[in-house]
Amino acid sequence: MENKKVVFVKPWQVEVVEEAFDPPPIPAEEAVVRKLFTLISPGTELACLSGDESWFQMPGTPGYASVSEIVEMGEGESALRKGDIVFHYGDHSKYQAVSTRGTFLKVPESLDLRWVPS
C-alpha cells in the first residue's frame, strides 16, 4: 500500500510524505485502518509545530482522532470486521496500524462521518 502522512519536519516546517506501508502480520487486538477523516487540535498541534512541546519528537506525525475503514484485523477480534467504519485515536496518515483496545468504536451507519471526530 502507498501511504501518505503529514510530518512536522522541524519547527514551522510541514511536509506530506509518501512511503510504502507494508505492515507485518497484525497481532491480536490490533487493526490496520484506512483514514477517512482526522481531527485537528489546533492548540496542541500548533504547539507541537512550534517545537515547544518536549514530548513531541520531530520529525513526527501529529494527530488525535480518526474515522477509518478497517482494512485488516488481528486474530481474535469478533465484534468488528474488515470494512467496518470505526472511530479511534490516530495520526494524520492514510494508513495506520492501531490498537483495538480502549477507544476503537464502530460508527453507526446513520451518522454523517464528517461529524464523528468532532
# chains A, B, ... in the order shown; residues from 1 in each chain; ligands from 1
>>> residues_around(residues="segment 82-96 of chain A", least_positions_apart="3", cutoff="6 Å", atoms="only C-alpha atoms", output="list in words")
Asn3, Lys4, Lys5, Val6, Val32, Val33, Arg34, Lys35, Pro62, Gly63, Tyr64, Ala65, Ser66, Val67, Ser68, Glu69, Ile70, Val71, Glu72, Thr103, Phe104, Leu105, Lys106 and Val107 of chain A
>>> residues_around(residues="Ala47 of chain A", least_positions_apart="3", cutoff="12 Å", atoms="only C-alpha atoms", output="JSON, numbers by chain")
{"A": [8, 11, 12, 41, 42, 43, 44, 50, 51, 52, 53, 54, 55, 56, 62]}
>>> select_by_dssp(residues="segment 44-114 of chain A", states="alpha helix (DSSP H)", output="ChimeraX atom specification")
/A:44-50
>>> write_last_selection(atoms="C-alpha atoms", output="short mmCIF file (atom, residue, chain, number, x, y, z; two decimals), in the first residue's frame")
data_model
loop_
_atom_site.label_atom_id
_atom_site.label_comp_id
_atom_site.auth_asym_id
_atom_site.auth_seq_id
_atom_site.Cartn_x
_atom_site.Cartn_y
_atom_site.Cartn_z
CA THR A 44 -1.74 21.23 20.75
CA GLU A 45 -0.73 20.67 17.14
CA LEU A 46 0.43 24.28 16.74
CA ALA A 47 2.40 23.92 19.96
CA CYS A 48 3.99 20.76 18.53
CA LEU A 49 4.71 22.50 15.22
CA SER A 50 6.40 25.37 17.08
#
>>> select_by_dssp(residues="chain A", states="strand (DSSP E or B)", output="PyMOL selection string")
chain A and resi 2-10+13-20+30-38+60+65-73+85-89+93+95-99+104-106
>>> atom_distance(atom1="atom CA of Thr61 of chain A", atom2="atom CA of Arg114 of chain A")
21.4 Å
>>> residues_around(residues="Val7 of chain A", least_positions_apart="6", cutoff="6 Å", atoms="only C-alpha atoms", output="ChimeraX atom specification")
/A:14-15,60-61
>>> closest_residue(among="A:Met58, A:Met1, A:Val17, A:Leu80", to="Glu29 of chain A", atoms="only C-alpha atoms")
A:Leu80
>>> residues_around(residues="Glu2 of chain A", least_positions_apart="3", cutoff="7 Å", atoms="only C-alpha atoms", output="list in words")
Glu18, Glu19, Ala20 and Phe21 of chain A
>>> write_last_selection(atoms="N, CA, C and O atoms", output="short mmCIF file (atom, residue, chain, number, x, y, z; two decimals), in the first residue's frame")
data_model
loop_
_atom_site.label_atom_id
_atom_site.label_comp_id
_atom_site.auth_asym_id
_atom_site.auth_seq_id
_atom_site.Cartn_x
_atom_site.Cartn_y
_atom_site.Cartn_z
N GLU A 18 5.18 10.54 1.24
CA GLU A 18 4.61 9.33 0.65
C GLU A 18 5.62 8.21 0.82
O GLU A 18 6.81 8.40 0.55
N GLU A 19 5.14 7.06 1.30
CA GLU A 19 6.02 5.93 1.52
C GLU A 19 5.23 4.64 1.45
O GLU A 19 4.01 4.64 1.58
N ALA A 20 5.94 3.55 1.25
CA ALA A 20 5.28 2.24 1.25
C ALA A 20 4.82 1.90 2.66
O ALA A 20 5.49 2.23 3.63
N PHE A 21 3.66 1.27 2.74
CA PHE A 21 3.13 0.82 4.03
C PHE A 21 2.82 -0.66 3.89
O PHE A 21 1.84 -1.04 3.26
#
>>> decode(residues="segment 57-97 of chain A", atoms="N, CA and C atoms", output="compact mmCIF listing (two decimals), in the first residue's frame")
# COMPACT_ATOMS: atom_id res chain seq x y z
N GLN A 57 8.41 14.51 19.31
CA GLN A 57 9.71 14.44 18.64
C GLN A 57 9.58 14.74 17.16
N MET A 58 10.44 15.60 16.66
CA MET A 58 10.48 15.90 15.22
C MET A 58 11.64 15.16 14.59
N PRO A 59 11.52 14.62 13.39
CA PRO A 59 10.29 14.64 12.62
C PRO A 59 9.26 13.70 13.23
N GLY A 60 7.99 14.08 13.12
CA GLY A 60 6.92 13.27 13.69
C GLY A 60 5.60 13.54 13.00
N THR A 61 4.70 12.57 13.13
CA THR A 61 3.37 12.68 12.54
C THR A 61 2.37 12.98 13.65
N PRO A 62 1.77 14.17 13.63
CA PRO A 62 0.81 14.53 14.66
C PRO A 62 -0.54 13.86 14.41
N GLY A 63 -1.43 14.00 15.37
CA GLY A 63 -2.78 13.51 15.19
C GLY A 63 -3.47 13.23 16.50
N TYR A 64 -4.78 13.18 16.43
CA TYR A 64 -5.62 12.96 17.60
C TYR A 64 -6.58 11.79 17.40
N ALA A 65 -7.61 12.09 16.66
CA ALA A 65 -8.69 11.13 16.49
C ALA A 65 -8.99 10.96 15.01
N SER A 66 -9.51 9.78 14.68
CA SER A 66 -9.73 9.46 13.27
C SER A 66 -11.02 8.66 13.09
N VAL A 67 -11.57 8.78 11.90
CA VAL A 67 -12.64 7.90 11.44
C VAL A 67 -12.04 7.13 10.28
N SER A 68 -12.09 5.80 10.38
CA SER A 68 -11.37 4.96 9.42
C SER A 68 -12.19 3.74 9.03
N GLU A 69 -11.79 3.16 7.90
CA GLU A 69 -12.31 1.87 7.47
C GLU A 69 -11.30 0.81 7.85
N ILE A 70 -11.76 -0.28 8.45
CA ILE A 70 -10.87 -1.39 8.80
C ILE A 70 -10.44 -2.09 7.52
N VAL A 71 -9.12 -2.22 7.34
CA VAL A 71 -8.55 -2.90 6.18
C VAL A 71 -8.19 -4.34 6.54
N GLU A 72 -7.71 -4.52 7.76
CA GLU A 72 -7.30 -5.86 8.22
C GLU A 72 -7.40 -5.90 9.73
N MET A 73 -7.86 -7.05 10.25
CA MET A 73 -7.99 -7.24 11.70
C MET A 73 -7.02 -8.30 12.19
N GLY A 74 -6.54 -8.12 13.42
CA GLY A 74 -5.74 -9.15 14.06
C GLY A 74 -6.61 -10.31 14.49
N GLU A 75 -5.98 -11.39 14.88
CA GLU A 75 -6.71 -12.59 15.32
C GLU A 75 -7.50 -12.31 16.60
N GLY A 76 -8.62 -13.01 16.74
CA GLY A 76 -9.36 -12.98 18.00
C GLY A 76 -10.42 -11.90 18.11
N GLU A 77 -10.48 -10.98 17.21
CA GLU A 77 -11.49 -9.93 17.28
C GLU A 77 -12.75 -10.44 16.59
N SER A 78 -13.88 -10.42 17.31
CA SER A 78 -15.10 -10.95 16.72
C SER A 78 -16.17 -9.89 16.48
N ALA A 79 -16.13 -8.77 17.21
CA ALA A 79 -17.19 -7.78 17.09
C ALA A 79 -17.02 -6.89 15.85
N LEU A 80 -15.80 -6.76 15.36
CA LEU A 80 -15.54 -5.88 14.23
C LEU A 80 -14.95 -6.67 13.08
N ARG A 81 -15.21 -6.18 11.86
CA ARG A 81 -14.74 -6.88 10.67
C ARG A 81 -14.16 -5.92 9.64
N LYS A 82 -13.43 -6.48 8.71
CA LYS A 82 -12.91 -5.72 7.58
C LYS A 82 -14.07 -4.98 6.92
N GLY A 83 -13.86 -3.70 6.64
CA GLY A 83 -14.90 -2.89 6.01
C GLY A 83 -15.71 -2.06 6.98
N ASP A 84 -15.69 -2.42 8.27
CA ASP A 84 -16.41 -1.62 9.27
C ASP A 84 -15.77 -0.24 9.38
N ILE A 85 -16.58 0.76 9.70
CA ILE A 85 -16.11 2.12 9.93
C ILE A 85 -16.00 2.32 11.44
N VAL A 86 -14.84 2.82 11.89
CA VAL A 86 -14.58 2.97 13.32
C VAL A 86 -14.04 4.36 13.66
N PHE A 87 -14.26 4.74 14.91
CA PHE A 87 -13.65 5.93 15.50
C PHE A 87 -12.55 5.46 16.42
N HIS A 88 -11.37 6.10 16.36
CA HIS A 88 -10.24 5.68 17.19
C HIS A 88 -9.23 6.82 17.29
N TYR A 89 -8.25 6.67 18.16
CA TYR A 89 -7.13 7.61 18.21
C TYR A 89 -6.19 7.27 17.08
N GLY A 90 -5.74 8.31 16.36
CA GLY A 90 -4.86 8.07 15.24
C GLY A 90 -4.21 9.33 14.74
N ASP A 91 -3.21 9.17 13.91
CA ASP A 91 -2.47 10.32 13.40
C ASP A 91 -2.97 10.73 12.01
N HIS A 92 -2.34 11.74 11.45
CA HIS A 92 -2.71 12.25 10.13
C HIS A 92 -1.95 11.48 9.05
N SER A 93 -2.41 10.27 8.80
CA SER A 93 -1.83 9.43 7.76
C SER A 93 -2.98 8.70 7.06
N LYS A 94 -2.70 8.16 5.90
CA LYS A 94 -3.73 7.42 5.17
C LYS A 94 -3.96 6.05 5.79
N TYR A 95 -2.87 5.35 6.10
CA TYR A 95 -2.96 4.02 6.71
C TYR A 95 -2.20 4.02 8.03
N GLN A 96 -2.69 3.21 8.97
CA GLN A 96 -2.02 3.09 10.26
C GLN A 96 -2.44 1.78 10.92
N ALA A 97 -1.51 1.15 11.62
CA ALA A 97 -1.83 0.02 12.48
C ALA A 97 -2.14 0.59 13.86
